[in-house]
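See below for protein-v1.pdb, which holds PDB, C-alpha atoms.
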ATOM      1  CA  MET F   1      19.544  -0.491  -6.207  1.00  0.00           C
ATOM      2  CA  THR F   2      17.659  -2.488  -3.583  1.00  0.00           C
ATOM      3  CA  ILE F   3      13.861  -2.259  -3.496  1.00  0.00           C
ATOM      4  CA  ILE F   4      11.811  -3.711  -0.657  1.00  0.00           C
ATOM      5  CA  GLY F   5       8.051  -4.117  -1.015  1.00  0.00           C
ATOM      6  CA  ILE F   6       5.977  -3.752   2.122  1.00  0.00           C
ATOM      7  CA  THR F   7       2.308  -4.677   2.216  1.00  0.00           C
ATOM      8  CA  GLY F   8      -0.401  -5.546   4.711  1.00  0.00           C
ATOM      9  CA  LEU F   9      -4.111  -5.306   5.303  1.00  0.00           C
ATOM     10  CA  PRO F  10      -5.541  -1.952   6.470  1.00  0.00           C
ATOM     11  CA  GLY F  11      -4.382  -1.156  10.010  1.00  0.00           C
ATOM     12  CA  SER F  12      -1.659  -3.841  10.052  1.00  0.00           C
ATOM     13  CA  GLY F  13       1.221  -1.406  10.613  1.00  0.00           C
ATOM     14  CA  LYS F  14       2.863  -1.505   7.170  1.00  0.00           C
ATOM     15  CA  THR F  15       3.308   2.272   7.132  1.00  0.00           C
ATOM     16  CA  THR F  16       4.944   2.140  10.572  1.00  0.00           C
ATOM     17  CA  VAL F  17       7.361  -0.519   9.292  1.00  0.00           C
ATOM     18  CA  SER F  18       8.056   1.664   6.224  1.00  0.00           C
ATOM     19  CA  LYS F  19       8.875   4.591   8.520  1.00  0.00           C
ATOM     20  CA  PHE F  20      11.393   2.412  10.377  1.00  0.00           C
ATOM     21  CA  PHE F  21      13.025   1.674   7.012  1.00  0.00           C
ATOM     22  CA  GLU F  22      13.047   5.394   6.217  1.00  0.00           C
ATOM     23  CA  LYS F  23      14.906   6.123   9.474  1.00  0.00           C
ATOM     24  CA  GLN F  24      17.564   3.660   8.272  1.00  0.00           C
ATOM     25  CA  GLY F  25      18.150   5.539   5.008  1.00  0.00           C
ATOM     26  CA  PHE F  26      15.609   3.943   2.676  1.00  0.00           C
ATOM     27  CA  VAL F  27      13.489   6.172   0.438  1.00  0.00           C
ATOM     28  CA  VAL F  28       9.824   5.301   0.997  1.00  0.00           C
ATOM     29  CA  ILE F  29       7.487   5.305  -1.977  1.00  0.00           C
ATOM     30  CA  ASP F  30       3.995   5.657  -0.507  1.00  0.00           C
ATOM     31  CA  CYS F  31       1.936   4.237  -3.376  1.00  0.00           C
ATOM     32  CA  ASP F  32      -1.377   4.644  -1.591  1.00  0.00           C
ATOM     33  CA  GLY F  33      -0.508   8.317  -0.976  1.00  0.00           C
ATOM     34  CA  ILE F  34       0.508   8.780  -4.626  1.00  0.00           C
ATOM     35  CA  ALA F  35      -2.833   7.281  -5.723  1.00  0.00           C
ATOM     36  CA  LYS F  36      -4.794   9.641  -3.434  1.00  0.00           C
ATOM     37  CA  LYS F  37      -2.942  12.652  -4.891  1.00  0.00           C
ATOM     38  CA  GLN F  38      -3.713  11.487  -8.421  1.00  0.00           C
ATOM     39  CA  TYR F  39      -7.456  11.537  -7.754  1.00  0.00           C
ATOM     40  CA  LYS F  40      -7.183  15.272  -7.065  1.00  0.00           C
ATOM     41  CA  LYS F  41      -5.796  15.901 -10.553  1.00  0.00           C
ATOM     42  CA  LYS F  42      -8.328  17.030 -13.135  1.00  0.00           C
ATOM     43  CA  GLN F  43      -7.088  14.761 -15.944  1.00  0.00           C
ATOM     44  CA  VAL F  44      -7.310  11.675 -13.699  1.00  0.00           C
ATOM     45  CA  MET F  45     -10.737  12.633 -12.378  1.00  0.00           C
ATOM     46  CA  ASP F  46     -11.897  13.234 -15.961  1.00  0.00           C
ATOM     47  CA  LYS F  47     -10.815   9.691 -16.883  1.00  0.00           C
ATOM     48  CA  VAL F  48     -12.688   8.262 -13.887  1.00  0.00           C
ATOM     49  CA  LYS F  49     -15.831  10.245 -14.691  1.00  0.00           C
ATOM     50  CA  HIS F  50     -15.621   9.192 -18.351  1.00  0.00           C
ATOM     51  CA  ALA F  51     -15.146   5.505 -17.437  1.00  0.00           C
ATOM     52  CA  PHE F  52     -18.314   5.594 -15.326  1.00  0.00           C
ATOM     53  CA  ASN F  53     -20.288   8.083 -17.427  1.00  0.00           C
ATOM     54  CA  ILE F  54     -20.492  10.592 -14.551  1.00  0.00           C
ATOM     55  CA  LYS F  55     -21.704  14.056 -15.532  1.00  0.00           C
ATOM     56  CA  LYS F  56     -21.143  15.690 -12.141  1.00  0.00           C
ATOM     57  CA  LYS F  57     -18.325  18.268 -12.123  1.00  0.00           C
ATOM     58  CA  SER F  58     -16.477  16.772  -9.150  1.00  0.00           C
ATOM     59  CA  LEU F  59     -16.722  13.886  -6.701  1.00  0.00           C
ATOM     60  CA  SER F  60     -16.166  14.052  -2.957  1.00  0.00           C
ATOM     61  CA  ARG F  61     -13.850  11.573  -1.252  1.00  0.00           C
ATOM     62  CA  LYS F  62     -16.939   9.764   0.106  1.00  0.00           C
ATOM     63  CA  GLU F  63     -18.475   9.538  -3.388  1.00  0.00           C
ATOM     64  CA  MET F  64     -15.158   8.217  -4.743  1.00  0.00           C
ATOM     65  CA  ASP F  65     -15.045   5.559  -2.019  1.00  0.00           C
ATOM     66  CA  GLU F  66     -18.634   4.531  -2.749  1.00  0.00           C
ATOM     67  CA  LEU F  67     -17.833   4.283  -6.456  1.00  0.00           C
ATOM     68  CA  PHE F  68     -14.497   2.585  -5.968  1.00  0.00           C
ATOM     69  CA  PHE F  69     -15.705  -0.081  -3.550  1.00  0.00           C
ATOM     70  CA  LYS F  70     -19.064  -0.753  -5.234  1.00  0.00           C
ATOM     71  CA  ASN F  71     -18.016  -4.084  -6.778  1.00  0.00           C
ATOM     72  CA  LYS F  72     -15.081  -5.907  -8.340  1.00  0.00           C
ATOM     73  CA  GLU F  73     -15.683  -4.394 -11.795  1.00  0.00           C
ATOM     74  CA  THR F  74     -15.543  -0.809 -10.509  1.00  0.00           C
ATOM     75  CA  VAL F  75     -12.347  -1.559  -8.594  1.00  0.00           C
ATOM     76  CA  GLN F  76     -10.768  -3.005 -11.751  1.00  0.00           C
ATOM     77  CA  LYS F  77     -11.848  -0.033 -13.898  1.00  0.00           C
ATOM     78  CA  ILE F  78     -10.387   2.483 -11.466  1.00  0.00           C
ATOM     79  CA  ASN F  79      -7.210   0.442 -10.977  1.00  0.00           C
ATOM     80  CA  LEU F  80      -6.658   0.401 -14.756  1.00  0.00           C
ATOM     81  CA  ILE F  81      -6.721   4.198 -14.660  1.00  0.00           C
ATOM     82  CA  ILE F  82      -4.722   4.888 -11.511  1.00  0.00           C
ATOM     83  CA  TRP F  83      -2.087   2.156 -11.141  1.00  0.00           C
ATOM     84  CA  PRO F  84      -0.160   2.839 -14.368  1.00  0.00           C
ATOM     85  CA  ILE F  85       0.212   6.440 -13.148  1.00  0.00           C
ATOM     86  CA  VAL F  86       1.297   5.291  -9.672  1.00  0.00           C
ATOM     87  CA  GLU F  87       3.793   2.884 -11.244  1.00  0.00           C
ATOM     88  CA  LYS F  88       5.378   5.697 -13.316  1.00  0.00           C
ATOM     89  CA  GLU F  89       5.656   7.938 -10.245  1.00  0.00           C
ATOM     90  CA  ALA F  90       7.193   5.088  -8.227  1.00  0.00           C
ATOM     91  CA  GLU F  91       9.729   4.401 -11.002  1.00  0.00           C
ATOM     92  CA  LYS F  92      10.805   8.073 -11.018  1.00  0.00           C
ATOM     93  CA  ILE F  93      11.458   7.935  -7.277  1.00  0.00           C
ATOM     94  CA  MET F  94      13.260   4.574  -7.506  1.00  0.00           C
ATOM     95  CA  LYS F  95      15.682   5.901 -10.123  1.00  0.00           C
ATOM     96  CA  LYS F  96      16.880   8.541  -7.665  1.00  0.00           C
ATOM     97  CA  SER F  97      17.663   6.130  -4.826  1.00  0.00           C
ATOM     98  CA  LYS F  98      20.093   3.324  -4.047  1.00  0.00           C
ATOM     99  CA  LYS F  99      17.671   1.680  -1.659  1.00  0.00           C
ATOM    100  CA  GLY F 100      13.941   2.128  -1.473  1.00  0.00           C
ATOM    101  CA  VAL F 101      10.719   0.805  -0.045  1.00  0.00           C
ATOM    102  CA  ILE F 102       7.481   0.444  -1.968  1.00  0.00           C
ATOM    103  CA  ASP F 103       4.731   0.814   0.638  1.00  0.00           C
ATOM    104  CA  SER F 104       1.474  -0.414  -0.889  1.00  0.00           C
ATOM    105  CA  ALA F 105      -1.637  -2.156   0.382  1.00  0.00           C
ATOM    106  CA  LEU F 106      -2.044  -3.469  -3.182  1.00  0.00           C
ATOM    107  CA  LEU F 107       1.589  -4.424  -3.834  1.00  0.00           C
ATOM    108  CA  PHE F 108       0.704  -7.710  -5.571  1.00  0.00           C
ATOM    109  CA  GLU F 109      -2.700  -6.699  -6.899  1.00  0.00           C
ATOM    110  CA  ALA F 110      -1.147  -3.733  -8.740  1.00  0.00           C
ATOM    111  CA  GLY F 111       1.877  -5.731  -9.937  1.00  0.00           C
ATOM    112  CA  LEU F 112       4.340  -3.487  -8.087  1.00  0.00           C
ATOM    113  CA  ASP F 113       6.106  -6.529  -6.658  1.00  0.00           C
ATOM    114  CA  LYS F 114       7.898  -6.869 -10.026  1.00  0.00           C
ATOM    115  CA  PHE F 115      10.189  -4.029  -8.886  1.00  0.00           C
ATOM    116  CA  CYS F 116      11.013  -5.638  -5.534  1.00  0.00           C
ATOM    117  CA  ASP F 117      14.079  -7.591  -4.522  1.00  0.00           C
ATOM    118  CA  LEU F 118      12.315  -8.662  -1.340  1.00  0.00           C
ATOM    119  CA  THR F 119       8.711  -8.441  -0.114  1.00  0.00           C
ATOM    120  CA  ILE F 120       7.498  -8.077   3.463  1.00  0.00           C
ATOM    121  CA  PHE F 121       3.992  -8.772   4.699  1.00  0.00           C
ATOM    122  CA  VAL F 122       2.984  -7.069   7.947  1.00  0.00           C
ATOM    123  CA  VAL F 123       0.281  -8.965   9.817  1.00  0.00           C
ATOM    124  CA  CYS F 124      -1.692  -7.975  12.874  1.00  0.00           C
ATOM    125  CA  PRO F 125      -4.630  -9.522  14.733  1.00  0.00           C
ATOM    126  CA  GLU F 126      -7.929  -8.518  13.136  1.00  0.00           C
ATOM    127  CA  LYS F 127      -9.305  -6.988  16.340  1.00  0.00           C
ATOM    128  CA  GLU F 128      -6.278  -4.673  16.605  1.00  0.00           C
ATOM    129  CA  ARG F 129      -6.455  -3.728  12.903  1.00  0.00           C
ATOM    130  CA  LEU F 130     -10.150  -2.826  13.189  1.00  0.00           C
ATOM    131  CA  LYS F 131      -9.504  -0.740  16.302  1.00  0.00           C
ATOM    132  CA  ARG F 132      -6.733   1.213  14.538  1.00  0.00           C
ATOM    133  CA  MET F 133      -8.846   1.859  11.445  1.00  0.00           C
ATOM    134  CA  GLN F 134     -11.813   2.973  13.551  1.00  0.00           C
ATOM    135  CA  LYS F 135      -9.517   5.480  15.304  1.00  0.00           C
ATOM    136  CA  ARG F 136      -8.781   6.878  11.828  1.00  0.00           C
ATOM    137  CA  GLY F 137     -12.496   7.432  11.223  1.00  0.00           C
ATOM    138  CA  PHE F 138     -13.433   4.306   9.264  1.00  0.00           C
ATOM    139  CA  ASP F 139     -16.463   2.314  10.324  1.00  0.00           C
ATOM    140  CA  LYS F 140     -16.464  -1.484  10.228  1.00  0.00           C
ATOM    141  CA  LYS F 141     -18.401  -1.568   6.930  1.00  0.00           C
ATOM    142  CA  ASP F 142     -15.819   0.725   5.215  1.00  0.00           C
ATOM    143  CA  ILE F 143     -12.954  -1.420   6.473  1.00  0.00           C
ATOM    144  CA  GLU F 144     -14.599  -4.642   5.278  1.00  0.00           C
ATOM    145  CA  LYS F 145     -15.161  -3.106   1.808  1.00  0.00           C
ATOM    146  CA  ARG F 146     -11.484  -2.215   1.528  1.00  0.00           C
ATOM    147  CA  ILE F 147     -10.348  -5.678   2.555  1.00  0.00           C
ATOM    148  CA  LEU F 148     -12.865  -7.404   0.268  1.00  0.00           C
ATOM    149  CA  PHE F 149     -11.038  -6.277  -2.886  1.00  0.00           C
ATOM    150  CA  GLN F 150      -7.549  -7.207  -1.689  1.00  0.00           C
ATOM    151  CA  LEU F 151      -5.923 -10.595  -1.771  1.00  0.00           C
ATOM    152  CA  LYS F 152      -6.777 -12.576   1.329  1.00  0.00           C
ATOM    153  CA  GLU F 153      -4.211 -12.656   4.125  1.00  0.00           C
ATOM    154  CA  LYS F 154      -3.173 -16.263   3.398  1.00  0.00           C
ATOM    155  CA  GLU F 155      -2.696 -15.471  -0.309  1.00  0.00           C
ATOM    156  CA  LYS F 156      -0.544 -12.397   0.381  1.00  0.00           C
ATOM    157  CA  GLU F 157       1.514 -14.400   2.828  1.00  0.00           C
ATOM    158  CA  LYS F 158       2.313 -16.981   0.116  1.00  0.00           C
ATOM    159  CA  PHE F 159       3.719 -14.272  -2.156  1.00  0.00           C
ATOM    160  CA  CYS F 160       5.870 -12.549   0.487  1.00  0.00           C
ATOM    161  CA  ASP F 161       9.429 -13.419   1.384  1.00  0.00           C
ATOM    162  CA  ILE F 162       9.166 -12.248   4.996  1.00  0.00           C
ATOM    163  CA  LYS F 163       6.271 -11.950   7.416  1.00  0.00           C
ATOM    164  CA  ILE F 164       6.386  -9.531  10.343  1.00  0.00           C
ATOM    165  CA  CYS F 165       3.869 -10.097  13.123  1.00  0.00           C
ATOM    166  CA  ASN F 166       2.809  -6.794  14.652  1.00  0.00           C
ATOM    167  CA  SER F 167       1.459  -7.328  18.153  1.00  0.00           C
ATOM    168  CA  GLY F 168       0.930  -3.599  18.577  1.00  0.00           C
ATOM    169  CA  LYS F 169       4.068  -3.050  20.676  1.00  0.00           C
ATOM    170  CA  LEU F 170       6.083  -0.397  18.875  1.00  0.00           C
ATOM    171  CA  ASN F 171       9.460  -1.326  20.416  1.00  0.00           C
ATOM    172  CA  GLU F 172       8.997  -4.967  19.436  1.00  0.00           C
ATOM    173  CA  LEU F 173       8.016  -4.019  15.870  1.00  0.00           C
ATOM    174  CA  ASN F 174      11.022  -1.678  15.649  1.00  0.00           C
ATOM    175  CA  LYS F 175      13.388  -4.467  16.794  1.00  0.00           C
ATOM    176  CA  LYS F 176      11.984  -6.930  14.251  1.00  0.00           C
ATOM    177  CA  THR F 177      12.265  -4.364  11.464  1.00  0.00           C
ATOM    178  CA  LYS F 178      15.824  -3.331  12.404  1.00  0.00           C
ATOM    179  CA  SER F 179      16.869  -6.998  12.374  1.00  0.00           C
ATOM    180  CA  ILE F 180      15.501  -7.378   8.833  1.00  0.00           C
ATOM    181  CA  ILE F 181      17.147  -4.135   7.691  1.00  0.00           C
ATOM    182  CA  LYS F 182      20.483  -5.292   9.118  1.00  0.00           C
ATOM    183  CA  LYS F 183      20.246  -8.544   7.140  1.00  0.00           C
ATOM    184  CA  ILE F 184      19.273  -6.649   3.966  1.00  0.00           C
ATOM    185  CA  ASN F 185      22.179  -4.219   4.324  1.00  0.00           C
ATOM    186  CA  TYR F 186      24.557  -7.104   5.003  1.00  0.00           C
ATOM    187  CA  ALA F 187      23.356  -9.041   1.946  1.00  0.00           C
ATOM    188  CA  VAL F 188      23.593  -5.956  -0.294  1.00  0.00           C
ATOM    189  CA  PHE F 189      27.209  -5.262   0.645  1.00  0.00           C
ATOM    190  CA  LEU F 190      28.502  -8.863   0.353  1.00  0.00           C
TER     191      LEU F 190
END
Now that the file is in, can you turn its structure into structure tokens?
Amino acid sequence: MTIIGITGLPGSGKTTVSKFFEKQGFVVIDCDGIAKKQYKKKQVMDKVKHAFNIKKKSLSRKEMDELFFKNKETVQKINLIIWPIVEKEAEKIMKKSKKGVIDSALLFEAGLDKFCDLTIFVVCPEKERLKRMQKRGFDKKDIEKRILFQLKEKEKEKFCDIKICNSGKLNELNKKTKSIIKKINYAVFL
């Protein structure tokens, strides 16, 4: 089994790179998507509410974001609840595949890199990243909060085996990704 970890700051294009891998036969494990689904489950929400002594019956997505990105301590508390669940779900998917991709903004922060044979960091100019995130409905303040609790770009880059620069040109990004996939497939079958 070959597992590739793909990470990047919000709006960098990591999900686009993961989709290119998927088109080449890799199973993509969308860890951020798994985490979002977990928050909708009653038992997970009950743990979050208990950890923060919240009496309210349910929390909206906006209230969750405000709670989650309040400070470093709240991020750590929520991560201790959610990431073990995400890790179990990711392991289930990995067991069913010969080659997979772990797509996670928090690949290193959550310790998911321990499953990876190779890690890829997708980088993109900040101006382009902000523009993409704003198109998705995030304001600059929301984006900055999300980035604040991730490893800095230079730190993530140190941990990754490969860096892909995403200029915003889809064909160029596709070519770079296909070249990496070709090398991975070649190395796996040696």
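Residues in contact with Ile184 (chain F) at up to 12 Å, not including ones fewer than 5 positions away on its chain and judged by all atoms listed in the file, are Met1, Thr2, Ile3, Ile4, Phe21, Gln24, Phe26, Lys99, Gly100, Asp117, Leu118, Thr119, Ile120, Ile162, Thr177, Lys178, Ser179, Phe189 and Leu190 of chain F.
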Exercise. What is the CA of Cys31 (chain F)-CA of Ser104 (chain F) distance in Å, reported with one decimal?
Worked result: 5.3 Å
Exercise. F:Met133, F:Val27, F:Ile82, F:Ile181: which is nearest Ala110 (chain F), counting all atoms listed in the file?
Worked result: F:Ile82
For this session: Could you tell me which residues the PyMOL selection byres ((chain F and resi 72) around 12) grabs in this file, written as a list in words?
Result: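 Checked against the file, the PyMOL selection byres ((chain F and resi 72) around 12) matches Leu67, Phe68, Phe69, Lys70, Asn71, Glu73, Thr74, Val75, Gln76, Lys77, Ile78, Asn79, Lys145, Arg146, Ile147, Leu148, Phe149 and Gln150 of chain F.
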Problem set entry | Residue contacts of Glu126 (chain F) (10 Å, all atoms listed in the file) excluding same-chain residues fewer than 5 positions away, as a ChimeraX atom specification | /F:9-12,131-132
Give, as JSON, the centre coordinates and the x, y and z edge lengths in Å to one decimal for an axis-aligned box around all listed atoms of region 69-77 of chain F, padded by 6 Å on each side.
{"center_x": -14.9, "center_y": -3.0, "center_z": -8.7, "size_x": 20.3, "size_y": 17.9, "size_z": 22.3}
Exercise. So, counting all atoms listed in the file, which residue among F:Gly33, F:Gly137, F:Leu59, F:Asn185 is closest to Ile102 (chain F)?
Worked result: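 Once distances to Ile102 (chain F) are computed over all atoms listed in the file, the minimum belongs to F:Gly33.
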Assuming the input is short of atoms at region 137-169 of chain F, produce N, CA and C atoms for that part as a PDB file, keeping the file's coordinate frame.
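That gives us part_25.pdb:
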ATOM      1  N   GLY F 137     -11.216   6.949  11.731  1.00  0.00           N
ATOM      2  CA  GLY F 137     -12.496   7.432  11.223  1.00  0.00           C
ATOM      3  C   GLY F 137     -13.233   6.497  10.282  1.00  0.00           C
ATOM      4  N   PHE F 138     -12.750   5.274  10.115  1.00  0.00           N
ATOM      5  CA  PHE F 138     -13.433   4.306   9.264  1.00  0.00           C
ATOM      6  C   PHE F 138     -14.378   3.480  10.112  1.00  0.00           C
ATOM      7  N   ASP F 139     -15.587   3.222   9.594  1.00  0.00           N
ATOM      8  CA  ASP F 139     -16.463   2.314  10.324  1.00  0.00           C
ATOM      9  C   ASP F 139     -16.198   0.890   9.821  1.00  0.00           C
ATOM     10  N   LYS F 140     -16.742  -0.075  10.531  1.00  0.00           N
ATOM     11  CA  LYS F 140     -16.464  -1.484  10.228  1.00  0.00           C
ATOM     12  C   LYS F 140     -16.830  -1.839   8.790  1.00  0.00           C
ATOM     13  N   LYS F 141     -17.942  -1.292   8.298  1.00  0.00           N
ATOM     14  CA  LYS F 141     -18.401  -1.568   6.930  1.00  0.00           C
ATOM     15  C   LYS F 141     -17.379  -1.062   5.903  1.00  0.00           C
ATOM     16  N   ASP F 142     -16.843   0.162   6.114  1.00  0.00           N
ATOM     17  CA  ASP F 142     -15.819   0.725   5.215  1.00  0.00           C
ATOM     18  C   ASP F 142     -14.570  -0.143   5.191  1.00  0.00           C
ATOM     19  N   ILE F 143     -14.159  -0.598   6.366  1.00  0.00           N
ATOM     20  CA  ILE F 143     -12.954  -1.420   6.473  1.00  0.00           C
ATOM     21  C   ILE F 143     -13.160  -2.736   5.733  1.00  0.00           C
ATOM     22  N   GLU F 144     -14.308  -3.366   5.938  1.00  0.00           N
ATOM     23  CA  GLU F 144     -14.599  -4.642   5.278  1.00  0.00           C
ATOM     24  C   GLU F 144     -14.625  -4.492   3.762  1.00  0.00           C
ATOM     25  N   LYS F 145     -15.148  -3.354   3.261  1.00  0.00           N
ATOM     26  CA  LYS F 145     -15.161  -3.106   1.808  1.00  0.00           C
ATOM     27  C   LYS F 145     -13.736  -3.047   1.268  1.00  0.00           C
ATOM     28  N   ARG F 146     -12.871  -2.354   1.978  1.00  0.00           N
ATOM     29  CA  ARG F 146     -11.484  -2.215   1.528  1.00  0.00           C
ATOM     30  C   ARG F 146     -10.775  -3.571   1.473  1.00  0.00           C
ATOM     31  N   ILE F 147     -11.005  -4.371   2.481  1.00  0.00           N
ATOM     32  CA  ILE F 147     -10.348  -5.678   2.555  1.00  0.00           C
ATOM     33  C   ILE F 147     -10.912  -6.639   1.510  1.00  0.00           C
ATOM     34  N   LEU F 148     -12.185  -6.508   1.211  1.00  0.00           N
ATOM     35  CA  LEU F 148     -12.865  -7.404   0.268  1.00  0.00           C
ATOM     36  C   LEU F 148     -12.176  -7.464  -1.096  1.00  0.00           C
ATOM     37  N   PHE F 149     -11.625  -6.337  -1.551  1.00  0.00           N
ATOM     38  CA  PHE F 149     -11.038  -6.277  -2.886  1.00  0.00           C
ATOM     39  C   PHE F 149      -9.518  -6.452  -2.889  1.00  0.00           C
ATOM     40  N   GLN F 150      -8.970  -6.874  -1.766  1.00  0.00           N
ATOM     41  CA  GLN F 150      -7.549  -7.207  -1.689  1.00  0.00           C
ATOM     42  C   GLN F 150      -7.409  -8.721  -1.658  1.00  0.00           C
ATOM     43  N   LEU F 151      -6.194  -9.170  -1.953  1.00  0.00           N
ATOM     44  CA  LEU F 151      -5.923 -10.595  -1.771  1.00  0.00           C
ATOM     45  C   LEU F 151      -6.132 -10.941  -0.305  1.00  0.00           C
ATOM     46  N   LYS F 152      -6.582 -12.129  -0.055  1.00  0.00           N
ATOM     47  CA  LYS F 152      -6.777 -12.576   1.329  1.00  0.00           C
ATOM     48  C   LYS F 152      -5.417 -12.696   2.007  1.00  0.00           C
ATOM     49  N   GLU F 153      -5.446 -12.632   3.335  1.00  0.00           N
ATOM     50  CA  GLU F 153      -4.211 -12.656   4.125  1.00  0.00           C
ATOM     51  C   GLU F 153      -3.335 -13.869   3.792  1.00  0.00           C
ATOM     52  N   LYS F 154      -3.934 -15.029   3.695  1.00  0.00           N
ATOM     53  CA  LYS F 154      -3.173 -16.263   3.398  1.00  0.00           C
ATOM     54  C   LYS F 154      -2.532 -16.193   2.006  1.00  0.00           C
ATOM     55  N   GLU F 155      -3.239 -15.598   1.047  1.00  0.00           N
ATOM     56  CA  GLU F 155      -2.696 -15.471  -0.309  1.00  0.00           C
ATOM     57  C   GLU F 155      -1.504 -14.513  -0.323  1.00  0.00           C
ATOM     58  N   LYS F 156      -1.647 -13.373   0.334  1.00  0.00           N
ATOM     59  CA  LYS F 156      -0.544 -12.397   0.381  1.00  0.00           C
ATOM     60  C   LYS F 156       0.680 -13.020   1.040  1.00  0.00           C
ATOM     61  N   GLU F 157       0.416 -13.771   2.099  1.00  0.00           N
ATOM     62  CA  GLU F 157       1.514 -14.400   2.828  1.00  0.00           C
ATOM     63  C   GLU F 157       2.316 -15.341   1.932  1.00  0.00           C
ATOM     64  N   LYS F 158       1.639 -16.058   1.039  1.00  0.00           N
ATOM     65  CA  LYS F 158       2.313 -16.981   0.116  1.00  0.00           C
ATOM     66  C   LYS F 158       3.282 -16.240  -0.804  1.00  0.00           C
ATOM     67  N   PHE F 159       2.902 -15.031  -1.218  1.00  0.00           N
ATOM     68  CA  PHE F 159       3.719 -14.272  -2.156  1.00  0.00           C
ATOM     69  C   PHE F 159       4.907 -13.574  -1.500  1.00  0.00           C
ATOM     70  N   CYS F 160       4.834 -13.331  -0.196  1.00  0.00           N
ATOM     71  CA  CYS F 160       5.870 -12.549   0.487  1.00  0.00           C
ATOM     72  C   CYS F 160       7.050 -13.398   0.924  1.00  0.00           C
ATOM     73  N   ASP F 161       8.207 -12.748   0.943  1.00  0.00           N
ATOM     74  CA  ASP F 161       9.429 -13.419   1.384  1.00  0.00           C
ATOM     75  C   ASP F 161       9.538 -13.458   2.905  1.00  0.00           C
ATOM     76  N   ILE F 162       9.061 -12.378   3.543  1.00  0.00           N
ATOM     77  CA  ILE F 162       9.166 -12.248   4.996  1.00  0.00           C
ATOM     78  C   ILE F 162       7.822 -11.811   5.558  1.00  0.00           C
ATOM     79  N   LYS F 163       7.494 -12.352   6.717  1.00  0.00           N
ATOM     80  CA  LYS F 163       6.271 -11.950   7.416  1.00  0.00           C
ATOM     81  C   LYS F 163       6.686 -11.337   8.753  1.00  0.00           C
ATOM     82  N   ILE F 164       6.152 -10.168   9.042  1.00  0.00           N
ATOM     83  CA  ILE F 164       6.386  -9.531  10.343  1.00  0.00           C
ATOM     84  C   ILE F 164       5.064  -9.532  11.097  1.00  0.00           C
ATOM     85  N   CYS F 165       5.066 -10.109  12.283  1.00  0.00           N
ATOM     86  CA  CYS F 165       3.869 -10.097  13.123  1.00  0.00           C
ATOM     87  C   CYS F 165       3.914  -8.866  14.018  1.00  0.00           C
ATOM     88  N   ASN F 166       2.899  -8.036  13.890  1.00  0.00           N
ATOM     89  CA  ASN F 166       2.809  -6.794  14.652  1.00  0.00           C
ATOM     90  C   ASN F 166       1.804  -6.991  15.780  1.00  0.00           C
ATOM     91  N   SER F 167       2.322  -7.126  16.986  1.00  0.00           N
ATOM     92  CA  SER F 167       1.459  -7.328  18.153  1.00  0.00           C
ATOM     93  C   SER F 167       0.893  -6.011  18.665  1.00  0.00           C
ATOM     94  N   GLY F 168       1.385  -4.912  18.117  1.00  0.00           N
ATOM     95  CA  GLY F 168       0.930  -3.599  18.577  1.00  0.00           C
ATOM     96  C   GLY F 168       1.945  -2.927  19.488  1.00  0.00           C
ATOM     97  N   LYS F 169       3.009  -3.628  19.829  1.00  0.00           N
ATOM     98  CA  LYS F 169       4.068  -3.050  20.676  1.00  0.00           C
ATOM     99  C   LYS F 169       5.125  -2.446  19.764  1.00  0.00           C
TER     100      LYS F 169
END
